[in-house]
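Listing of model04.csv, CSV, C-alpha atoms
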chain,number,residue,atom,x,y,z
A,1,MET,CA,16.0,15.4,13.9
A,2,PRO,CA,15.6,18.8,12.3
A,3,ALA,CA,13.0,21.1,14.0
A,4,ARG,CA,11.4,22.0,10.7
A,5,SER,CA,10.5,20.2,7.5
A,6,HIS,CA,12.8,20.6,4.6
A,7,LEU,CA,10.2,19.5,2.0
A,8,PRO,CA,9.5,21.6,-1.1
A,9,ARG,CA,6.2,23.5,-1.0
A,10,SER,CA,3.1,21.4,-1.5
A,11,ASP,CA,2.5,22.4,-5.2
A,12,ASP,CA,6.0,21.2,-6.0
A,13,LEU,CA,5.3,17.8,-4.4
A,14,ARG,CA,2.0,17.5,-6.2
A,15,ARG,CA,3.7,18.1,-9.5
A,16,GLY,CA,6.0,15.2,-8.6
A,17,ASP,CA,3.0,12.9,-9.0
A,18,GLY,CA,2.3,13.9,-12.6
A,19,GLU,CA,3.9,15.7,-15.5
A,20,HIS,CA,7.2,16.7,-13.8
A,21,LEU,CA,8.1,13.3,-12.2
A,22,PRO,CA,11.8,12.8,-13.1
A,23,PRO,CA,12.4,10.1,-15.7
A,24,ARG,CA,14.5,8.0,-13.3
A,25,VAL,CA,11.4,7.5,-11.2
A,26,GLY,CA,8.5,5.3,-12.5
A,27,ARG,CA,6.1,7.8,-13.9
A,28,GLY,CA,3.0,8.1,-11.8
A,29,VAL,CA,3.7,4.9,-9.8
A,30,PRO,CA,5.6,5.3,-6.5
A,31,ARG,CA,8.4,2.8,-6.2
A,32,GLY,CA,7.2,-0.5,-4.8
A,33,GLN,CA,3.5,-0.2,-5.4
A,34,ALA,CA,1.7,-2.9,-3.4
A,35,PHE,CA,-1.7,-4.5,-3.2
A,36,PRO,CA,-3.2,-7.7,-1.8
A,37,SER,CA,-2.3,-10.7,-3.9
A,38,ARG,CA,-5.4,-12.8,-3.5
A,39,ARG,CA,-7.3,-10.7,-6.0
A,40,LEU,CA,-5.6,-9.7,-9.2
A,41,PRO,CA,-7.3,-6.8,-10.9
A,42,ARG,CA,-6.4,-4.4,-13.6
A,43,LEU,CA,-5.1,-1.2,-11.9
A,44,ARG,CA,-4.6,2.4,-12.9
A,45,THR,CA,-2.2,4.5,-10.8
A,46,HIS,CA,-2.4,7.9,-12.3
A,47,ARG,CA,-0.3,7.4,-15.5
A,48,GLU,CA,0.1,3.6,-15.7
A,49,ALA,CA,-2.6,1.1,-16.7
A,50,LEU,CA,-1.5,-2.3,-15.3
A,51,LEU,CA,-2.9,-5.8,-15.8
A,52,PHE,CA,-2.2,-8.6,-13.3
A,53,VAL,CA,-2.6,-12.3,-14.2
A,54,ARG,CA,-1.6,-15.7,-12.9
A,55,ASP,CA,0.2,-17.5,-15.7
A,56,SER,CA,0.0,-21.1,-16.7
A,57,GLU,CA,2.5,-21.9,-13.8
A,58,GLY,CA,0.4,-20.0,-11.3
A,59,GLU,CA,2.9,-17.2,-11.0
A,60,ILE,CA,1.7,-13.6,-10.7
A,61,ARG,CA,2.7,-11.4,-13.6
A,62,CYS,CA,2.0,-7.8,-14.5
A,63,TYR,CA,1.8,-6.2,-17.9
A,64,SER,CA,1.0,-2.9,-19.4
A,65,ASN,CA,-2.8,-2.9,-20.0
A,66,VAL,CA,-2.4,-1.1,-23.3
A,67,CYS,CA,-2.8,-2.8,-26.7
A,68,ARG,CA,0.3,-2.6,-28.9
A,69,HIS,CA,-1.8,-1.7,-31.9
A,70,ARG,CA,-3.8,1.5,-31.2
A,71,GLY,CA,-3.7,2.0,-27.4
A,72,MET,CA,-7.0,0.5,-26.2
A,73,GLN,CA,-7.0,-1.3,-22.9
A,74,VAL,CA,-7.0,-5.0,-23.4
A,75,ALA,CA,-8.8,-5.9,-20.1
A,76,LEU,CA,-11.6,-4.3,-18.2
A,77,GLY,CA,-12.7,-5.3,-14.7
A,78,GLU,CA,-11.7,-8.5,-13.0
A,79,GLY,CA,-12.3,-12.2,-13.8
A,80,ASN,CA,-10.7,-15.4,-15.1
A,81,ARG,CA,-9.4,-15.5,-18.7
A,82,THR,CA,-6.7,-17.4,-20.5
A,83,ARG,CA,-6.3,-14.6,-23.0
A,84,PHE,CA,-7.2,-10.9,-23.3
A,85,GLN,CA,-8.8,-9.4,-26.3
A,86,CYS,CA,-8.8,-5.7,-27.1
A,87,GLY,CA,-12.3,-4.6,-28.0
A,88,TYR,CA,-11.1,-2.1,-30.6
A,89,HIS,CA,-9.7,-4.3,-33.3
A,90,ARG,CA,-9.8,-7.7,-31.5
A,91,TRP,CA,-6.1,-8.2,-31.1
A,92,ALA,CA,-5.6,-10.9,-28.4
A,93,TYR,CA,-2.8,-11.7,-26.0
A,94,ASP,CA,-2.1,-14.8,-23.9
A,95,LEU,CA,-1.1,-15.1,-20.2
A,96,SER,CA,2.6,-14.6,-21.2
A,97,GLY,CA,1.7,-11.3,-22.7
A,98,ALA,CA,2.4,-12.5,-26.3
A,99,LEU,CA,0.2,-11.4,-29.2
A,100,VAL,CA,-1.7,-14.6,-30.4
A,101,HIS,CA,-4.3,-13.1,-32.7
A,102,ALA,CA,-4.6,-10.0,-35.0
A,103,PRO,CA,-7.5,-10.2,-37.5
A,104,GLU,CA,-6.4,-10.0,-41.1
A,105,MET,CA,-2.8,-9.8,-40.0
A,106,PRO,CA,-1.6,-13.4,-39.4
A,107,GLU,CA,2.0,-12.5,-40.1
A,108,LEU,CA,2.1,-10.7,-36.8
A,109,ARG,CA,1.4,-13.7,-34.6
A,110,ASP,CA,5.1,-14.8,-34.5
A,111,GLY,CA,6.5,-11.3,-34.8
A,112,GLY,CA,7.5,-10.9,-31.2
A,113,ILE,CA,4.8,-8.4,-30.3
A,114,ARG,CA,3.9,-8.6,-26.6
A,115,LEU,CA,2.6,-6.5,-23.8
A,116,PRO,CA,5.5,-4.9,-21.8
A,117,GLU,CA,6.0,-6.7,-18.6
A,118,VAL,CA,6.5,-4.9,-15.2
A,119,ARG,CA,8.6,-6.4,-12.5
A,120,THR,CA,6.7,-8.0,-9.6
A,121,ALA,CA,7.5,-9.6,-6.2
A,122,VAL,CA,5.2,-11.1,-3.6
A,123,TRP,CA,6.1,-10.5,0.0
A,124,GLN,CA,3.9,-11.4,3.0
A,125,GLY,CA,0.9,-11.9,0.7
A,126,ILE,CA,1.4,-8.5,-0.9
A,127,VAL,CA,2.2,-7.9,-4.6
A,128,PHE,CA,4.8,-5.2,-5.2
A,129,VAL,CA,5.4,-3.8,-8.7
A,130,ASN,CA,8.4,-1.8,-9.8
A,131,LEU,CA,8.8,0.0,-13.1
A,132,ARG,CA,12.6,-0.5,-13.0
A,133,GLN,CA,14.1,-3.8,-14.0
A,134,ASP,CA,17.4,-3.0,-12.2
A,135,ALA,CA,16.0,-2.8,-8.6
A,136,PRO,CA,17.6,-5.2,-6.1
A,137,ASP,CA,15.8,-8.2,-4.7
A,138,LEU,CA,12.8,-7.1,-2.5
A,139,HIS,CA,13.1,-10.0,-0.1
A,140,GLU,CA,16.7,-9.2,0.7
A,141,GLN,CA,15.8,-5.6,1.4
A,142,LEU,CA,13.0,-6.7,3.8
A,143,SER,CA,14.7,-9.7,5.3
A,144,GLU,CA,14.9,-8.2,8.8
A,145,LEU,CA,11.2,-7.4,8.8
A,146,SER,CA,10.4,-10.9,7.3
A,147,SER,CA,12.2,-12.4,10.4
A,148,ILE,CA,10.1,-10.3,12.7
A,149,LEU,CA,6.8,-11.4,11.0
A,150,GLU,CA,7.8,-15.1,10.6
A,151,PRO,CA,5.7,-16.2,13.6
A,152,TRP,CA,2.5,-14.9,11.9
A,153,ASN,CA,3.2,-17.1,8.8
A,154,ALA,CA,1.4,-14.7,6.4
A,155,GLY,CA,1.2,-17.3,3.6
A,156,SER,CA,-1.2,-19.4,5.7
A,157,LEU,CA,-3.5,-16.6,6.7
A,158,GLU,CA,-6.9,-16.1,5.1
A,159,PRO,CA,-8.7,-12.8,4.3
A,160,VAL,CA,-11.3,-11.5,6.7
A,161,TYR,CA,-12.2,-8.3,4.7
A,162,GLU,CA,-10.8,-5.9,2.2
A,163,ARG,CA,-12.3,-2.4,2.4
A,164,PRO,CA,-11.2,0.3,-0.2
A,165,TYR,CA,-11.9,3.9,0.8
A,166,PRO,CA,-11.9,6.5,-2.0
A,167,CYS,CA,-9.9,9.6,-1.0
A,168,ALA,CA,-10.2,13.0,-2.6
A,169,TRP,CA,-6.8,14.0,-1.5
A,170,ASN,CA,-3.1,13.2,-2.4
A,171,TRP,CA,-1.9,9.7,-1.6
A,172,LYS,CA,1.0,11.1,0.6
A,173,ILE,CA,-1.5,12.8,2.9
A,174,MET,CA,-3.1,9.5,3.7
A,175,TYR,CA,0.1,7.6,4.0
A,176,GLU,CA,1.7,10.1,6.3
A,177,ASN,CA,-1.4,10.1,8.4
A,178,GLY,CA,-1.1,6.4,8.9
A,179,ILE,CA,2.5,6.3,9.9
A,180,GLU,CA,2.5,8.6,13.0
A,181,SER,CA,0.8,8.3,16.4
A,182,TYR,CA,0.8,12.0,17.3
A,183,HIS,CA,-2.7,12.5,15.8
A,184,ILE,CA,-4.3,9.9,18.0
A,185,LEU,CA,-4.7,12.4,20.8
A,186,GLY,CA,-6.8,14.6,18.5
A,187,THR,CA,-8.3,12.7,15.6
A,188,HIS,CA,-8.9,9.5,17.5
A,189,ARG,CA,-9.3,10.9,21.0
A,190,ALA,CA,-12.7,9.2,21.5
A,191,SER,CA,-11.9,5.9,19.8
A,192,LEU,CA,-8.2,5.1,20.5
A,193,GLU,CA,-6.6,7.4,23.0
A,194,ASP,CA,-7.7,5.5,26.1
A,195,PRO,CA,-6.5,2.0,25.0
A,196,LEU,CA,-3.5,3.3,23.0
A,197,PRO,CA,-2.4,6.5,24.7
A,198,THR,CA,-0.3,8.9,22.6
A,199,ARG,CA,2.1,9.7,25.5
A,200,VAL,CA,3.6,6.2,25.5
A,201,SER,CA,3.7,5.7,21.7
A,202,TYR,CA,6.9,6.2,19.7
A,203,GLY,CA,8.3,5.8,16.2
A,204,ALA,CA,11.6,4.5,14.8
A,205,PRO,CA,12.6,6.1,11.5
A,206,GLY,CA,14.4,3.0,10.1
A,207,ASP,CA,18.0,4.1,10.1
A,208,GLY,CA,18.5,4.0,6.3
A,209,ARG,CA,16.0,1.1,5.7
A,210,ASN,CA,13.1,1.5,3.3
A,211,TYR,CA,10.6,1.0,6.2
A,212,ALA,CA,9.9,2.6,9.6
A,213,GLU,CA,8.2,1.4,12.8
A,214,ILE,CA,5.4,2.9,14.9
A,215,HIS,CA,4.9,1.4,18.4
A,216,LEU,CA,1.6,1.7,20.2
A,217,PRO,CA,1.8,0.1,23.7
A,218,PHE,CA,-1.6,-0.8,25.3
A,219,ALA,CA,-2.7,1.1,28.4
A,220,PRO,CA,-2.3,-1.3,31.3
A,221,ALA,CA,-5.8,-0.7,32.8
A,222,ALA,CA,-7.7,-0.1,29.6
A,223,ASP,CA,-10.4,-2.4,28.2
A,224,GLY,CA,-9.8,-4.1,24.9
A,225,LEU,CA,-10.7,-2.6,21.7
A,226,PHE,CA,-13.4,-5.2,21.1
A,227,ALA,CA,-16.0,-7.0,23.2
A,228,ALA,CA,-15.2,-10.5,24.5
A,229,ASP,CA,-17.7,-12.2,22.2
A,230,ALA,CA,-16.0,-10.5,19.2
A,231,VAL,CA,-12.5,-12.0,19.9
A,232,VAL,CA,-11.2,-15.1,18.2
A,233,PRO,CA,-8.4,-17.5,19.3
A,234,ALA,CA,-4.9,-16.1,19.1
A,235,LEU,CA,-2.2,-17.6,16.9
A,236,PRO,CA,0.1,-19.9,18.7
A,237,GLY,CA,3.8,-19.2,19.2
A,238,LEU,CA,3.7,-15.4,18.9
A,239,PRO,CA,6.4,-13.4,20.8
A,240,SER,CA,5.4,-12.0,24.2
A,241,TRP,CA,5.5,-8.4,22.9
A,242,ALA,CA,2.6,-9.0,20.6
A,243,ALA,CA,0.3,-9.0,23.6
A,244,GLU,CA,1.7,-5.7,24.8
A,245,LYS,CA,1.4,-3.4,21.9
A,246,PHE,CA,0.6,-2.9,18.2
A,247,VAL,CA,3.6,-2.3,16.0
A,248,PHE,CA,2.9,-0.7,12.6
A,249,TRP,CA,5.5,-1.0,9.8
A,250,ALA,CA,5.6,1.6,7.1
A,251,VAL,CA,7.1,0.1,4.0
A,252,HIS,CA,7.8,3.1,1.7
A,253,PRO,CA,6.1,4.4,-0.3
A,254,ASN,CA,2.6,3.1,0.2
A,255,LEU,CA,2.2,0.0,2.4
A,256,ILE,CA,1.5,0.0,6.1
A,257,MET,CA,0.9,-3.2,8.1
A,258,ASN,CA,0.5,-4.2,11.7
A,259,GLN,CA,0.3,-7.3,13.8
A,260,THR,CA,-2.6,-8.5,15.9
A,261,LEU,CA,-2.8,-11.6,18.2
A,262,ASP,CA,-4.8,-13.4,15.5
A,263,GLY,CA,-3.4,-12.2,12.3
A,264,LEU,CA,-2.1,-9.3,10.2
A,265,GLN,CA,-3.6,-6.1,9.0
A,266,THR,CA,-2.5,-4.0,5.9
A,267,TYR,CA,-3.3,-0.6,4.6
A,268,ILE,CA,-2.3,0.3,1.1
A,269,THR,CA,-2.7,3.7,-0.6
A,270,LEU,CA,-2.8,3.9,-4.4
A,271,PRO,CA,-2.6,7.2,-6.2
A,272,HIS,CA,-4.9,7.9,-9.2
A,273,GLY,CA,-4.0,11.5,-9.6
A,274,PRO,CA,-2.6,14.5,-7.7
A,275,GLN,CA,-5.8,14.7,-5.5
A,276,GLU,CA,-7.3,11.3,-5.9
A,277,SER,CA,-6.3,8.0,-4.3
A,278,THR,CA,-7.7,4.9,-2.7
A,279,PHE,CA,-6.8,3.7,0.8
A,280,THR,CA,-7.5,0.0,1.3
A,281,TRP,CA,-7.8,-1.7,4.7
A,282,ALA,CA,-7.4,-5.5,4.7
A,283,TYR,CA,-7.4,-8.0,7.5
A,284,MET,CA,-6.0,-11.6,7.4
A,285,THR,CA,-6.5,-14.3,10.1
A,286,HIS,CA,-5.8,-18.0,10.6
A,287,GLN,CA,-8.1,-20.9,9.9
A,288,GLU,CA,-8.8,-21.7,13.6
A,289,ALA,CA,-10.1,-18.1,14.1
A,290,LYS,CA,-12.5,-18.5,11.2
A,291,ALA,CA,-13.8,-21.7,12.8
A,292,SER,CA,-14.5,-19.9,16.0
A,293,PRO,CA,-18.2,-19.4,17.1
A,294,ASN,CA,-17.2,-15.7,17.6
A,295,TYR,CA,-16.0,-15.3,14.0
A,296,ALA,CA,-19.1,-13.5,12.6
A,297,ARG,CA,-19.1,-11.0,15.4
A,298,PHE,CA,-15.4,-10.6,15.1
A,299,LYS,CA,-15.6,-9.9,11.4
A,300,LYS,CA,-18.4,-7.3,11.9
A,301,ALA,CA,-16.5,-5.7,14.7
A,302,GLN,CA,-13.4,-5.4,12.6
A,303,GLU,CA,-15.2,-3.9,9.6
A,304,ASP,CA,-17.1,-1.4,11.8
A,305,PHE,CA,-13.8,-0.4,13.4
A,306,ALA,CA,-12.2,0.2,10.0
A,307,ASP,CA,-15.1,2.4,9.0
A,308,LEU,CA,-14.9,4.3,12.3
A,309,VAL,CA,-11.2,5.0,12.2
A,310,GLN,CA,-11.1,5.8,8.5
A,311,GLY,CA,-14.0,8.2,8.9
A,312,GLU,CA,-12.2,10.0,11.7
A,313,ASP,CA,-9.1,10.3,9.6
A,314,ALA,CA,-11.1,11.7,6.6
A,315,MET,CA,-12.3,14.5,8.9
A,316,CYS,CA,-8.7,15.7,9.0
A,317,THR,CA,-7.1,14.6,5.7
A,318,ARG,CA,-9.7,16.2,3.5
A,319,PRO,CA,-9.2,19.7,5.0
A,320,VAL,CA,-5.4,19.2,4.8
A,321,GLN,CA,-5.7,18.8,1.0
A,322,GLU,CA,-7.9,22.0,0.9
A,323,SER,CA,-5.2,23.8,2.9
A,324,MET,CA,-2.5,22.7,0.5
A,325,ASN,CA,-4.6,23.9,-2.4
A,326,SER,CA,-4.9,27.3,-0.9
A,327,GLY,CA,-1.2,28.0,-1.1
A,328,ASP,CA,-1.0,29.1,2.5
A,329,TYR,CA,0.5,25.9,3.9
A,330,VAL,CA,4.1,26.0,5.1
A,331,PRO,CA,5.5,22.8,6.8
A,332,GLY,CA,5.9,23.2,10.5
A,333,PRO,CA,8.1,21.4,13.1
A,334,TYR,CA,7.8,17.6,13.6
A,335,ASN,CA,6.8,16.1,16.9
A,336,GLN,CA,8.9,13.3,18.2
A,337,ARG,CA,6.1,10.8,17.4
A,338,GLU,CA,6.3,11.9,13.8
A,339,LEU,CA,9.7,10.5,13.3
A,340,PRO,CA,8.4,8.0,10.6
A,341,VAL,CA,7.0,10.9,8.6
A,342,TRP,CA,10.3,12.7,8.8
A,343,ALA,CA,12.0,9.6,7.6
A,344,PHE,CA,9.5,9.1,4.7
A,345,HIS,CA,10.0,12.8,3.6
A,346,ARG,CA,13.7,12.2,3.4
A,347,TRP,CA,13.2,9.0,1.5
A,348,TYR,CA,10.8,10.5,-0.9
A,349,VAL,CA,12.7,13.8,-1.6
A,350,HIS,CA,15.9,11.8,-2.3
A,351,ARG,CA,14.1,9.7,-4.9
A,352,MET,CA,12.4,12.7,-6.5
A,353,ALA,CA,15.8,14.3,-6.8
A,354,GLY,CA,17.2,11.3,-8.6
A,355,GLY,CA,19.7,10.5,-6.0
A,356,ALA,CA,22.6,8.2,-6.8
A,357,GLU,CA,21.2,5.4,-4.6
A,358,GLU,CA,17.8,5.7,-6.1
A,359,ALA,CA,17.8,2.1,-7.5
A,360,ALA,CA,18.9,0.7,-4.2
A,361,THR,CA,15.3,0.1,-2.9
A,362,TRP,CA,11.9,-0.7,-4.3

Let me see the file written as structure tokens.
Amino acid sequence: MPARSHLPRSDDLRRGDGEHLPPRVGRGVPRGQAFPSRRLPRLRTHREALLFVRDSEGEIRCYSNVCRHRGMQVALGEGNRTRFQCGYHRWAYDLSGALVHAPEMPELRDGGIRLPEVRTAVWQGIVFVNLRQDAPDLHEQLSELSSILEPWNAGSLEPVYERPYPCAWNWKIMYENGIESYHILGTHRASLEDPLPTRVSYGAPGDGRNYAEIHLPFAPAADGLFAADAVVPALPGLPSWAAEKFVFWAVHPNLIMNQTLDGLQTYITLPHGPQESTFTWAYMTHQEAKASPNYARFKKAQEDFADLVQGEDAMCTRPVQESMNSGDYVPGPYNQRELPVWAFHRWYVHRMAGGAEEAATW
């Protein structure tokens, strides 16, 4: 691992999120954008306005949320519709994206006009989108990780909460913060350092894969993170290591997830501009846990924990953005526990440079 970062200066990276993003990269949308699949909103990620629907067969599909007439968005907010009508001139589109109505222009109905479709894939309950149609199969790329997560049976889990946190800083700052354990000894010294000591944590960069791992072993003598009356029954059939540590998986460029004894937790960062993003925590658990008499306390404890940790992170990530804006920031050496950040930087710079293997991953 190199002693120093070889990233461009911060202003060059910020430009990469906007006007100067190379044409081989989906403009404004990091490859493999992801969000929870149980709620299908419209979504804006800097440059792209996207619309997500379930079609007549129940499949998730994604379209450009831009009318093919004069550019108005065809959907606002969330809800249940069988067709989407632009408020500007009342052009309407069905769930397949096809134009089905254009006032005073009936000849257009069968003219092949439709909303451009964006490629999607659902993995572990998460919807990924990719602006390229030639990317390989996502499930094949993540097959090894799918095998690791198989005992959790993500498709059967149900949501506990989803908490989006607005961030006035670049999406990469938030993502990088979430994929290294080195900051626990500082940022989370009061909340996490005792049960999850930094000194025994470690990261695995991924060895060419499009994801990395962060391992946080539990301190042997530490109390649990939550009170006994805020714990729900564990999932049956989990591997023994699940009771010994948290493992976080960083699926580049914007999904982080970790296992618990009762479910899975995800963290997704979505960019809205060079210095604006949303970081969404979500927790999923099994039906038996929801039937537990402890469930209400469990849910409240999990939500409070998310607020606490995110608040601690914001105390550092916000000033980091300010430092980058100052022009005085020069990347320093990586700590060994920042291996996943180093791997992400290599992954990201390669794609920004339009590498020959760019289409090889989502």

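Minimum atom-to-atom distances from A:Leu145, A:Thr266, A:Ala301, A:Asp55 to Arg81 (chain A) were compared using all atoms listed in the file, and the lowest value belongs to A:Asp55.
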
Skip region 56-67 of chain A itself and residues of its chain fewer than 6 positions away, then list as a VMD selection string all residues within 6 Å of it, counting all atoms listed in the file. chain A and resid 49 to 50 73 to 74 115 to 118

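Around Tyr175 (chain A), within 12 Å and counting only C-alpha atoms, the residues found are Cys167, Trp169, Asn170, Glu180, Trp249, Ala250, Val251, His252, Pro253, Asn254, Leu255, Ile256, Met257, Tyr267, Ile268, Thr269, Leu270, Pro271, Ser277, Thr278, Phe279, Thr280, Asp313, Thr317, Pro340, Val341, Phe344 and His345 of chain A, once anything fewer than 5 positions away on its own chain is removed.
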
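Comparing the minimum interatomic distances between His183 (chain A) and each of A:Ala168, A:Leu238, A:Arg199, A:Ala291, counting all atoms listed in the file, we find that A:Arg199 sits nearest.
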
Rounded to one decimal place, report the CA of Asp304 (chain A)-CA of Pro195 (chain A) distance in Å. 17.3 Å

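Near (14.9, 8.3, 15.7), the residues inside the 10 Å limit, counting only C-alpha atoms, come to Met1, Tyr202, Gly203, Ala204, Pro205, Gly206, Asp207, Ala212, Gln336, Arg337, Glu338, Leu339, Pro340, Trp342 and Ala343 of chain A.
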
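Remark: for Tyr93 (chain A), the closest of the candidate residues A:Gln133, A:Leu51, A:Gly224, A:Phe305 is A:Leu51 (distances computed over all atoms listed in the file).
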
Can you list, as a PyMOL selection string, every protein, DNA or RNA residue that comes within 10 Å of region 82-89 of chain A when you count all atoms listed in the file, leaving out same-chain residues fewer than 2 positions away? chain A and resi 53-56+65-76+80+91-103

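Closest to Met284 (chain A) among A:Ala154, A:Val231, A:Ala219, A:Ala243 is A:Ala154, based on all atoms listed in the file.
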
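Distance-wise, CA of Arg209 (chain A) and CA of Ala282 (chain A) end up 24.3 Å apart.
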
Please supply region 289-301 of chain A, rebuilt with N, CA, C and O atoms, as a PDB file, keeping the file's coordinate frame.
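Just written: selection26.pdb:
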ATOM      1  N   ALA A 289      -9.298 -19.288  13.739  1.00  0.00           N
ATOM      2  CA  ALA A 289     -10.100 -18.100  14.100  1.00  0.00           C
ATOM      3  C   ALA A 289     -11.401 -18.126  13.255  1.00  0.00           C
ATOM      4  O   ALA A 289     -12.480 -17.794  13.764  1.00  0.00           O
ATOM      5  N   LYS A 290     -11.309 -18.520  11.980  1.00  0.00           N
ATOM      6  CA  LYS A 290     -12.500 -18.500  11.200  1.00  0.00           C
ATOM      7  C   LYS A 290     -13.484 -19.631  11.597  1.00  0.00           C
ATOM      8  O   LYS A 290     -14.691 -19.547  11.331  1.00  0.00           O
ATOM      9  N   ALA A 291     -12.972 -20.654  12.273  1.00  0.00           N
ATOM     10  CA  ALA A 291     -13.800 -21.700  12.800  1.00  0.00           C
ATOM     11  C   ALA A 291     -14.444 -21.386  14.136  1.00  0.00           C
ATOM     12  O   ALA A 291     -15.303 -22.131  14.633  1.00  0.00           O
ATOM     13  N   SER A 292     -14.042 -20.277  14.711  1.00  0.00           N
ATOM     14  CA  SER A 292     -14.500 -19.900  16.000  1.00  0.00           C
ATOM     15  C   SER A 292     -16.002 -19.500  16.002  1.00  0.00           C
ATOM     16  O   SER A 292     -16.460 -18.883  15.029  1.00  0.00           O
ATOM     17  N   PRO A 293     -16.779 -19.818  17.039  1.00  0.00           N
ATOM     18  CA  PRO A 293     -18.200 -19.400  17.100  1.00  0.00           C
ATOM     19  C   PRO A 293     -18.297 -17.846  17.159  1.00  0.00           C
ATOM     20  O   PRO A 293     -19.377 -17.299  16.902  1.00  0.00           O
ATOM     21  N   ASN A 294     -17.217 -17.177  17.502  1.00  0.00           N
ATOM     22  CA  ASN A 294     -17.200 -15.700  17.600  1.00  0.00           C
ATOM     23  C   ASN A 294     -16.891 -15.048  16.243  1.00  0.00           C
ATOM     24  O   ASN A 294     -16.892 -13.819  16.157  1.00  0.00           O
ATOM     25  N   TYR A 295     -16.602 -15.858  15.209  1.00  0.00           N
ATOM     26  CA  TYR A 295     -16.000 -15.300  14.000  1.00  0.00           C
ATOM     27  C   TYR A 295     -16.945 -14.231  13.337  1.00  0.00           C
ATOM     28  O   TYR A 295     -16.472 -13.169  12.907  1.00  0.00           O
ATOM     29  N   ALA A 296     -18.222 -14.500  13.223  1.00  0.00           N
ATOM     30  CA  ALA A 296     -19.100 -13.500  12.600  1.00  0.00           C
ATOM     31  C   ALA A 296     -19.119 -12.200  13.288  1.00  0.00           C
ATOM     32  O   ALA A 296     -19.076 -11.135  12.656  1.00  0.00           O
ATOM     33  N   ARG A 297     -19.164 -12.238  14.633  1.00  0.00           N
ATOM     34  CA  ARG A 297     -19.100 -11.000  15.400  1.00  0.00           C
ATOM     35  C   ARG A 297     -17.758 -10.326  15.289  1.00  0.00           C
ATOM     36  O   ARG A 297     -17.655  -9.092  15.228  1.00  0.00           O
ATOM     37  N   PHE A 298     -16.713 -11.152  15.268  1.00  0.00           N
ATOM     38  CA  PHE A 298     -15.400 -10.600  15.100  1.00  0.00           C
ATOM     39  C   PHE A 298     -15.240  -9.888  13.755  1.00  0.00           C
ATOM     40  O   PHE A 298     -14.734  -8.751  13.703  1.00  0.00           O
ATOM     41  N   LYS A 299     -15.705 -10.498  12.682  1.00  0.00           N
ATOM     42  CA  LYS A 299     -15.600  -9.900  11.400  1.00  0.00           C
ATOM     43  C   LYS A 299     -16.391  -8.567  11.314  1.00  0.00           C
ATOM     44  O   LYS A 299     -15.900  -7.553  10.813  1.00  0.00           O
ATOM     45  N   LYS A 300     -17.600  -8.572  11.853  1.00  0.00           N
ATOM     46  CA  LYS A 300     -18.400  -7.300  11.900  1.00  0.00           C
ATOM     47  C   LYS A 300     -17.735  -6.259  12.694  1.00  0.00           C
ATOM     48  O   LYS A 300     -17.694  -5.079  12.292  1.00  0.00           O
ATOM     49  N   ALA A 301     -17.170  -6.631  13.845  1.00  0.00           N
ATOM     50  CA  ALA A 301     -16.500  -5.700  14.700  1.00  0.00           C
ATOM     51  C   ALA A 301     -15.283  -5.044  13.996  1.00  0.00           C
ATOM     52  O   ALA A 301     -15.027  -3.838  14.097  1.00  0.00           O
TER      53      ALA A 301
END
